[in-house]
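*Asks:* Got a structure here, written out as structure tokens. Questions coming.
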Amino acid sequence: MARFIVFEGGEASGKSTQSIRLARRLGAVHTREPGGTAVGASLRTLLLDARTVGLDDRAEALLMAADRAQHVAEVVRPALAAGRHVVCDRYVGSTLAYQGHGRGLSAVDLRHISAWATGDLWADLNVLLDVPLEVSRRRAEGAQDRLEASGDDFHDRVVRGYRELARADAAHWVTVDGTAPPDEVETAVWQAITARLPDLVAADGADRA
């Protein structure tokens with residue numbers, strides 16, 4: 001059975017590193033949001049470019065949903081239909097954390113928009129890499145994009161929002177301490193995922209566990 005696994009977390013939480021490692025381990029399709037398609041790449045530039053100013057919070061949410069609709073139609077659903085596991089760096093949880101908790105938009109509205117955009121496709125499991133804001137700040141390097149530059153208060157709401165999402169839906173979320181070295185985080189992620197989705201133990205490459 002093809003599984004859809006999503007990595008979530010705040011800035012510099014290690015999502016990209018860990019999602020790539022898991023995808024390699026499973027022989028899965030690895031993708032990301034925003035920007036997992038050619039259309040999405042253009043939307044990602046608009047959404048994250050520091051030169052994009054005055055973007056309304058609702059417009060931001062709708063652009064994220066547009067990226068997600070194209071991504072699911074072009075990448076995620078076809079891969080799952082072909083029997084491929086999909087590992088994604090960000091999905092609906094990011095909208096609920098960033099545009100919901102961060103921007104203060106209605107979580108109910110955001111869920112409805114996301115459900116419509118994806119044709120009601122939800123992740124089998126969301127892996128939250130939990131990293132305190134002070135650790136994220138230490139890890140941050142280089143120029144900040146538009147969302148990264150939203151300020152500590154915003155990012156604190158995002159981190160707390162992620163924790164609330166994971167607590168509220170324990171059946172579809174697991175939380176892993178993202179502050180450890182990458183190899184240790186990878187081991188913890190694999191243990192957490194296979195405890196929830198034991199069928200993955202038989203996946204290609206999983207015998208390294």
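We name chains A, B, ... following the order of the structure tokens; residues begin at 1 in each chain, and ligands are numbered from 1 as shown.
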Write out as a PyMOL selection string each polymer residue whose atoms come within 12 Å of Leu62 in chain A, counting only C-alpha atoms; drop sequence neighbours fewer than 5 positions from it.
*Replies:* chain A and resi 43+47+55-57+67-69+95+99+105+109-114+116-117
*Asks:* Write out as an MDAnalysis selection string the residues lying within 12 Å of range 168-180 of chain A, counting only C-alpha atoms and excluding same-chain residues fewer than 2 positions away.
*Replies:* chainID A and resid 4:18 93 122:136 138:139 161:166 182:197
*Asks:* CA of Arg24 in chain A and CA of Ser42 in chain A are how many Å apart?
*Replies:*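 According to the coordinates, CA of Arg24 in chain A and CA of Ser42 in chain A are separated by 26.5 Å.
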*Asks:* What gap, in Å, lies between CA of Val159 in chain A and CA of Val76 in chain A?
*Replies:*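 Going from CA of Val159 in chain A over to CA of Val76 in chain A, I get 26.2 Å.
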*Asks:* How far is it from CA of Arg58 in chain A to CA of Ala107 in chain A, in Å with one decimal?
*Replies:*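 Calculated distance between CA of Arg58 in chain A and CA of Ala107 in chain A is 12.1 Å.
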*Asks:* Looking only at the backbone, which of the residues in range 79-208 of chain A does DSSP tag as helix (DSSP H, G or I), as a PyMOL selection string?
*Replies:* chain A and resi 79-81+92-102+107-118+133-139+148-150+152-168+182-196+198-202+206-208
*Asks:* In terms of the shortest atom-to-atom distance over only C-alpha atoms, which of A:Phe154, A:Leu200, A:Gly119, A:Arg3 is closest to Arg84 in chain A?
*Replies:*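 Of A:Phe154, A:Leu200, A:Gly119, A:Arg3, the one nearest Arg84 in chain A, counting only C-alpha atoms, is A:Arg3.
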*Asks:* Tell me which of A:Leu46, A:Ala2, A:Leu22, A:Ala41 sits closest to Arg146 in chain A, counting only C-alpha atoms.
*Replies:*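 Closest residue, counting only C-alpha atoms: A:Leu46.
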*Asks:* Compare A:Ala23, A:Val75, A:Leu96, A:Met1 by their minimum atom-to-atom distance to Gly35 in chain A, counting only C-alpha atoms, and give me the closest one.
*Replies:*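 Selected residue with least distance to Gly35 in chain A: A:Val75.
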*Asks:* Looking only at the backbone, which of the residues in chain A does DSSP tag as strand (DSSP E or B), as a list in words?
*Replies:*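 Selection result, strand (DSSP E or B) within chain A: Phe4, Ile5, Val6, Phe7, Glu8, Val29, His30, Thr31, Arg32, Val86, Val87, Cys88, Asp89, Leu125, Asn126, Val127, Leu128, Leu129, Asp130, Trp173, Val174, Thr175, Val176 and Asp177 of chain A.
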*Asks:* Write to file, as a JSON list (two decimals), in the first residue's frame, the residues of the selection just made, with N, CA and C atoms.
*Replies:*
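Done, and the output landed in result.json:
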```json
[["chain", "number", "residue", "atom", "x", "y", "z"],
["A", 4, "PHE", "N", 1.49, 8.14, 2.12],
["A", 4, "PHE", "CA", 1.77, 9.55, 1.96],
["A", 4, "PHE", "C", 2.20, 10.10, 3.31],
["A", 5, "ILE", "N", 3.48, 10.43, 3.43],
["A", 5, "ILE", "CA", 4.07, 10.88, 4.69],
["A", 5, "ILE", "C", 4.58, 12.31, 4.53],
["A", 6, "VAL", "N", 4.24, 13.15, 5.48],
["A", 6, "VAL", "CA", 4.58, 14.56, 5.40],
["A", 6, "VAL", "C", 5.44, 14.97, 6.59],
["A", 7, "PHE", "N", 6.47, 15.76, 6.32],
["A", 7, "PHE", "CA", 7.29, 16.34, 7.39],
["A", 7, "PHE", "C", 6.87, 17.78, 7.59],
["A", 8, "GLU", "N", 6.63, 18.13, 8.85],
["A", 8, "GLU", "CA", 6.22, 19.48, 9.21],
["A", 8, "GLU", "C", 7.14, 20.03, 10.30],
["A", 29, "VAL", "N", 8.90, 8.78, -3.75],
["A", 29, "VAL", "CA", 8.94, 10.08, -4.42],
["A", 29, "VAL", "C", 9.12, 11.15, -3.34],
["A", 30, "HIS", "N", 10.11, 12.01, -3.52],
["A", 30, "HIS", "CA", 10.30, 13.11, -2.58],
["A", 30, "HIS", "C", 9.86, 14.40, -3.25],
["A", 31, "THR", "N", 9.08, 15.20, -2.53],
["A", 31, "THR", "CA", 8.60, 16.45, -3.09],
["A", 31, "THR", "C", 8.44, 17.47, -1.97],
["A", 32, "ARG", "N", 7.99, 18.68, -2.33],
["A", 32, "ARG", "CA", 7.90, 19.73, -1.32],
["A", 32, "ARG", "C", 6.80, 20.73, -1.67],
["A", 86, "VAL", "N", 5.03, 8.46, -1.13],
["A", 86, "VAL", "CA", 5.35, 9.87, -1.34],
["A", 86, "VAL", "C", 5.74, 10.46, 0.00],
["A", 87, "VAL", "N", 6.89, 11.13, 0.02],
["A", 87, "VAL", "CA", 7.35, 11.84, 1.21],
["A", 87, "VAL", "C", 7.43, 13.32, 0.85],
["A", 88, "CYS", "N", 6.71, 14.14, 1.60],
["A", 88, "CYS", "CA", 6.60, 15.55, 1.25],
["A", 88, "CYS", "C", 7.11, 16.45, 2.37],
["A", 89, "ASP", "N", 7.83, 17.48, 1.99],
["A", 89, "ASP", "CA", 8.32, 18.51, 2.89],
["A", 89, "ASP", "C", 7.26, 19.62, 2.89],
["A", 125, "LEU", "N", 0.42, 10.14, 7.57],
["A", 125, "LEU", "CA", 1.11, 10.49, 8.81],
["A", 125, "LEU", "C", 1.87, 11.80, 8.62],
["A", 126, "ASN", "N", 1.74, 12.68, 9.61],
["A", 126, "ASN", "CA", 2.51, 13.92, 9.66],
["A", 126, "ASN", "C", 3.59, 13.77, 10.72],
["A", 127, "VAL", "N", 4.82, 14.02, 10.35],
["A", 127, "VAL", "CA", 5.94, 13.94, 11.28],
["A", 127, "VAL", "C", 6.35, 15.37, 11.65],
["A", 128, "LEU", "N", 6.08, 15.75, 12.88],
["A", 128, "LEU", "CA", 6.46, 17.08, 13.36],
["A", 128, "LEU", "C", 7.86, 17.02, 13.96],
["A", 129, "LEU", "N", 8.79, 17.75, 13.35],
["A", 129, "LEU", "CA", 10.13, 17.89, 13.92],
["A", 129, "LEU", "C", 10.07, 19.12, 14.82],
["A", 130, "ASP", "N", 10.03, 18.87, 16.10],
["A", 130, "ASP", "CA", 9.82, 19.93, 17.08],
["A", 130, "ASP", "C", 11.15, 20.55, 17.47],
["A", 173, "TRP", "N", -0.53, 12.32, 13.64],
["A", 173, "TRP", "CA", 0.71, 13.07, 13.87],
["A", 173, "TRP", "C", 1.61, 12.32, 14.84],
["A", 174, "VAL", "N", 2.92, 12.40, 14.59],
["A", 174, "VAL", "CA", 3.92, 11.99, 15.57],
["A", 174, "VAL", "C", 4.89, 13.15, 15.74],
["A", 175, "THR", "N", 5.39, 13.31, 16.94],
["A", 175, "THR", "CA", 6.32, 14.40, 17.22],
["A", 175, "THR", "C", 7.69, 13.83, 17.55],
["A", 176, "VAL", "N", 8.70, 14.36, 16.89],
["A", 176, "VAL", "CA", 10.08, 13.91, 17.09],
["A", 176, "VAL", "C", 10.92, 15.12, 17.47],
["A", 177, "ASP", "N", 11.76, 14.96, 18.49],
["A", 177, "ASP", "CA", 12.67, 16.03, 18.90],
["A", 177, "ASP", "C", 13.66, 16.30, 17.77]]
```
